[in-house]
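Written below as structure tokens is the structure these notes are about.
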Amino acid sequence: MKWWFARADGNKTPNLTDRSPEVHSQMLGVRMLSAIAAATLSGAVGRSVSVEVHVSNGLPGFTIVGLPDAAVRESRDRVRAALLSSGLPWPLRRVTVNLAPSGVRKGGAGLDLAMAVGLLVATGELPAACTEGMAFCGELGLNGSLRHVPGMIALADATAPLQLVVPLADLREAALVRGEAAHGVSTLAELCGILKGQARWPEPPLAPATSASSGLPDLADVRGQAVGRHALEVAAAGAHHLLMVGPPGSGKSMLAERLPGLLPPLSHEEAMTVTRIHSAAGCALPEGVLVSRPPFRAPHHRASIVALIGGGSWSLRPGEITLATHGILFLDEMGEFPVAALEALRQPLEEGVIRVSRAGGTVTFPAGFLLVAAMNPCPCGEGVYPGSCKCSVIDRARYTRRLSAPLLDRFDLIVPLARPDPDDLLSDIRGESTAVSAARVAAARSRAADRTASGEGEPPVHPDGTRLLASRLRAGQLSARGLHKVSAVARTVADLAGDEQVGHGHVCDALSLRAARTTVTT
Amino acid sequence: MTAGRALPEEAYAAALASMPKVGPAALRRMLADVPPSVAWSRCTPGHEAAVARIWERHEELEISVLTTSSPEYPDSLLGDPDAPAVLFCRGNPAAVNQCPTVALVGTRSPTRYGIGVAAQFGAELAAAGVSVVSGLALGIDGAAHEGACAAGAPPIAVVAGGLGEPYPRRHAGLWERVADQGVVISESPVGIRTEKWRFPVRNVLLAGLSDVVVVVESRHHGGSMHTVNAAMARGIPVGAVPGSIRSPTSEGTNALLADGAFPVCSLADILVALSLNGVSLPAPPLSLPPSAQPRVVPGPGADRQILEALSPDPTSLDRLARMTGLDLPALCGGLERLAQAGLARDVGGWWERT
């Protein structure tokens with residue numbers, strides 16, 4: 001049994017056994033029950049919750065029922081402190097909070113605000129009418145301030161079509177999906193004033209100027225690496241999955257980090273999808289809230305399978321592959337990832353979605369990402385350059401065994417990278433900038449899109465190119481699937497070069513862009 | 001059941017070899033002057049049922065048994081003091097006497113260089129009508145047979161364990177292919193698990209079956225050195241493939257070269273050693289090697305420029321792009337044309353002049 005004694009007015013200690021008539025009548029005069037709309041996050045989706053507050057006579061206490069998690073249970077201390085420090089009354093009576101539907105677990109601190117408002121309505125501090133058609137989401141600080149709640153977009157979705165009150169910090173996020181129906185306040189006291197009609201909703205803060213691609217690393221920093229740059233452009237233009245194989249210090253990670261800059265900005269629809277997921281996962285959103293650049297996710301190779309593909313015991317959370325949707329998933333040191341984690345990528349790579357199933361339920365997350373991976377060719381790292389590897393065949397086999405043939409088949413580009421040329425490193429000539437490359441990529445993409453839109457189909461490959469492919473097929477150096485991939489890459493190469501027809505050079509280029517396949521399969 | 005019919009001499013030979021505590025030397029002594037059936041009745045009179053059981057198992061597994069009096073018994077072993085009295089074969093036992101034989105041996109943990117060289121020589125020798133002899137071990141042995149199985153003269157494998165189950169397991173497929181196209185030979189009876197002492201014995205047999213022994217890659221004290229010593233004791237020429245002085249897997253081969261083994265840099269070196277050893281070679285391969293084809297050097301232009309940028313050392317595409325100033329589709333197209341003309345070669349994404 002726990003006891004709380006209100007000392008807001010400073011001098012009254014309630015006498016529980018001998019109630020004075022004034023106290024008693026005050027108790028009878030108030031409304032006893034209230035129900036406030038709110039929402040909690042379950043995985044990546046919001047779930048609407050009705051916060052019912054009941055205040056009754058009995059021993060003073062505060063109970064929360066309806067499967068709250070630890071953060072929700074701790075709400076009672078935050079709510080009480082927030083009310084008292086905002087100069088609002090705390091009822092010296094029995095308070096029961098029910099979170100309906102009661103059978104679903106609720107987590108996070110986002111229900112604090114709804115509980116506080118419900119309590120104020122139930123004690124008669126606020127008229128019930130002023131919370132009609134409204135929902136409240138926000139965490140309370142002990143001083144009565146409202147704090148940021150992760151997943152505000154999903155929460156805002158779940159509270160539609162009610163008017164939604166959120167912390168000022170989350171207003172832009174909520175307004176993204178709810179527009180005018182979202183209101184932001186900064187303290188509980190301020191909210192009380194507004195609800196009583198004594199004040200108006202504060203003006204939303206001005207949106208900061210969005211900077212398109214500032215802060216992204218630029219390709220101009222990369223010296224030399226003609227093949228690596230070219231591979232990035234092809235990957236970006238044709239959305240081809242890319243595996244870079246090179247010794248340590250050949251700039252694999254440096255190149256990969258520069259790929260997002262080459263991709264075109266997200267369409268509004270894509271941006272909304274990405275922003276929703278990132279908001280739900282609690283990722284930091286950009287200043288302008290809407291994620292307009294393709295995301296770049298680079299999980300460490302010790303990441304668990306659940307962290308990669310999503311999951312969790314009762315709230316199914318999105319994993320890294322979902323966070324990388326419409327962007328890039330970069331697996332550095334791919335040879336070090338657990339085999340099970342790599343194999344788990346195969347299905348989402350094929351289908352663009354990941355279905356996460358647990359005893360508690362199944363969710364389908366989007367997982368349409370561009371896979372970029374980097375690895376050393378062998379344990380000693382030097383294996384790309386002919387004749388320089390010091391590893392035994394057994395060591396090499398052990399290293400490359402993790403990469404199954406079906407997984408390698410997903411990569412259209414398996415590019416051998418060399419260490420940059422000393423002449424390039426020491427020269428003052430800066431490489432081509434991201435802007436120039438991105439323009440080429442955009443042109444190639446629009447060319448491909450025009451072709452699809454016109455419905456004419458692809459012009460046939462030049463006979464020289466066909467002959468070369470046929471000879472490789474006959475020699476067994478190319479499988480049927482490989483042929484398909486080389487053709488697709490050659491098409492992208494031609495688009496980048498601005499050529500209508502896929503020629504001999506484009507096919508050769510496409511073949512050279514998978515030359516490291518032999519390195520990682522022996 | 002075979003109880004009704006008379007058992008062949010080979011059945012008694014197999015039964016003798018399968019007896020516990022009978023090694024190669026004991027077997028040789030037992031069979032020195034009498035046929036196997038007599039030897040069998042000398043040491044264990046009766047027990048015909050055991051012989052029948054053992055023979056049935058060999059028939060089941062399609063394993064043929066050769067004694068020194070069998071017509072298929074390898075000619076090269078006839079004068080050999082260490083020649084096994086009984087040989088077990090899967091495949092075509094006559095393959096041993098068909099073609100000249102060259103042993104390609106080496107370490108079980110080679111570098112890619114060694115694997116490539118072994119596979120290349122294996123294929124070239126088989127195509128030239130020379131049987132490749134090797135041990136079906138991991139590494140060089142396996143690579144040599146992978147190459148030899150492609151086409152040509154029947155491959156010959158000499159293994160240490162019994163023929164009942166392939167060892168190493170990873171080469172079970174290769175084992176079958178060799179048995180299909182040539183022969184797998186063992187001195188060990190069926191059911192014998194591979195024991196340590198059987199490997200050196202196998203290596204000696206391997207040397208005895210070969211006209212020339214070539215070591216592709218070996219460490220200083222590798223198992224291949226057993227083969228080399230046995231070959232030298234029999235006056236069989238030994239060749240070695242030169243390797244990097246920095247590569248531990250070439251220590252043994254480079255030391256062999258220093259000791260007087262003939263260097264093996266091409267198929268021709270092996271063929272010359274064979275003919276010097278008095279082996280008559282089959283007709284030379286029909287197609288000329290690429291180096292003998294006439295080369296057409298391209299006229300001035302991009303391809304000429306690429307050719308001039310190439311060197312005998314592997315050069316990365318990055319560097320070639322920088323030197324020629326061409327974009328990658330043009331560069332790759334030009335390199336492919338040069339490769340077609342036999343002027344350039346692609347080594348895992350690097351290019352070199354040939």
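Following the order of the structure tokens, first chain is A, next is B, and so on, with residues numbered from 1 inside each chain and ligands from 1 in the order they appear.
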Residues of chain A within 6 Å of chain B, counting only C-alpha atoms, as a ChimeraX atom specification: /A:225-227,392-393,505-506,508-509,515
Test item: residues at most 12 Å from Ala129 (chain A), only C-alpha atoms, excluding those fewer than 3 positions along its chain, as a VMD selection string: chain A and resid 34 to 36 121 to 122 124 to 126 132 to 134 195 to 197
Who sits within 12 Å of Leu345 (chain A), only C-alpha atoms, same chain under 4 positions skipped, as a PyMOL selection string: chain A and resi 305-306+308-310+319-322+329+331+337-341+349-355+367-371+403-404+406-408+410
Within 7 Å of Val132 (chain B) using only C-alpha atoms, minus same-chain residues under 5 positions, as a list in words: Thr101, Val102, Ala103, Leu104, Gly122, Leu125, Ala126, Ala148, Pro155 and Ile156 of chain B
Could you write those residues out with N, CA and C atoms, as a short mmCIF file (atom, residue, chain, number, x, y, z; two decimals), in the first residue's frame?
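The file below, result29.cif, is the result:
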```
data_model
loop_
_atom_site.label_atom_id
_atom_site.label_comp_id
_atom_site.auth_asym_id
_atom_site.auth_seq_id
_atom_site.Cartn_x
_atom_site.Cartn_y
_atom_site.Cartn_z
N THR B 101 52.50 -41.20 -68.48
CA THR B 101 51.91 -40.66 -67.24
C THR B 101 52.81 -39.60 -66.63
N VAL B 102 52.18 -38.54 -66.15
CA VAL B 102 52.91 -37.48 -65.44
C VAL B 102 52.20 -37.23 -64.12
N ALA B 103 52.95 -37.28 -63.03
CA ALA B 103 52.35 -36.99 -61.73
C ALA B 103 52.39 -35.48 -61.49
N LEU B 104 51.23 -34.93 -61.12
CA LEU B 104 51.17 -33.52 -60.71
C LEU B 104 50.82 -33.53 -59.24
N GLY B 122 47.12 -29.75 -65.76
CA GLY B 122 46.27 -30.93 -65.80
C GLY B 122 45.50 -30.99 -67.12
N LEU B 125 47.99 -31.32 -70.24
CA LEU B 125 48.57 -32.67 -70.35
C LEU B 125 47.54 -33.66 -70.88
N ALA B 126 46.32 -33.58 -70.29
CA ALA B 126 45.27 -34.50 -70.73
C ALA B 126 44.98 -34.29 -72.21
N ALA B 148 42.34 -32.18 -65.52
CA ALA B 148 42.54 -33.34 -66.39
C ALA B 148 41.24 -33.99 -66.79
N PRO B 155 42.49 -39.91 -66.62
CA PRO B 155 43.19 -39.52 -65.38
C PRO B 155 43.41 -40.74 -64.49
N ILE B 156 44.46 -40.71 -63.73
CA ILE B 156 44.78 -41.80 -62.81
C ILE B 156 44.93 -41.21 -61.41
#
```
Picked from region 130-320 of chain B by DSSP as alpha helix (DSSP H), as number ranges by chain: B: 140-148, 172-181, 198-208, 224-233, 251-258, 267-276, 302-309, 317-320
Residue list (strand (DSSP E or B), DSSP) for region 109-339 of chain B, as a ChimeraX atom specification: /B:131-134,156-159,183-186,212-217,238-240,262-263,315-316
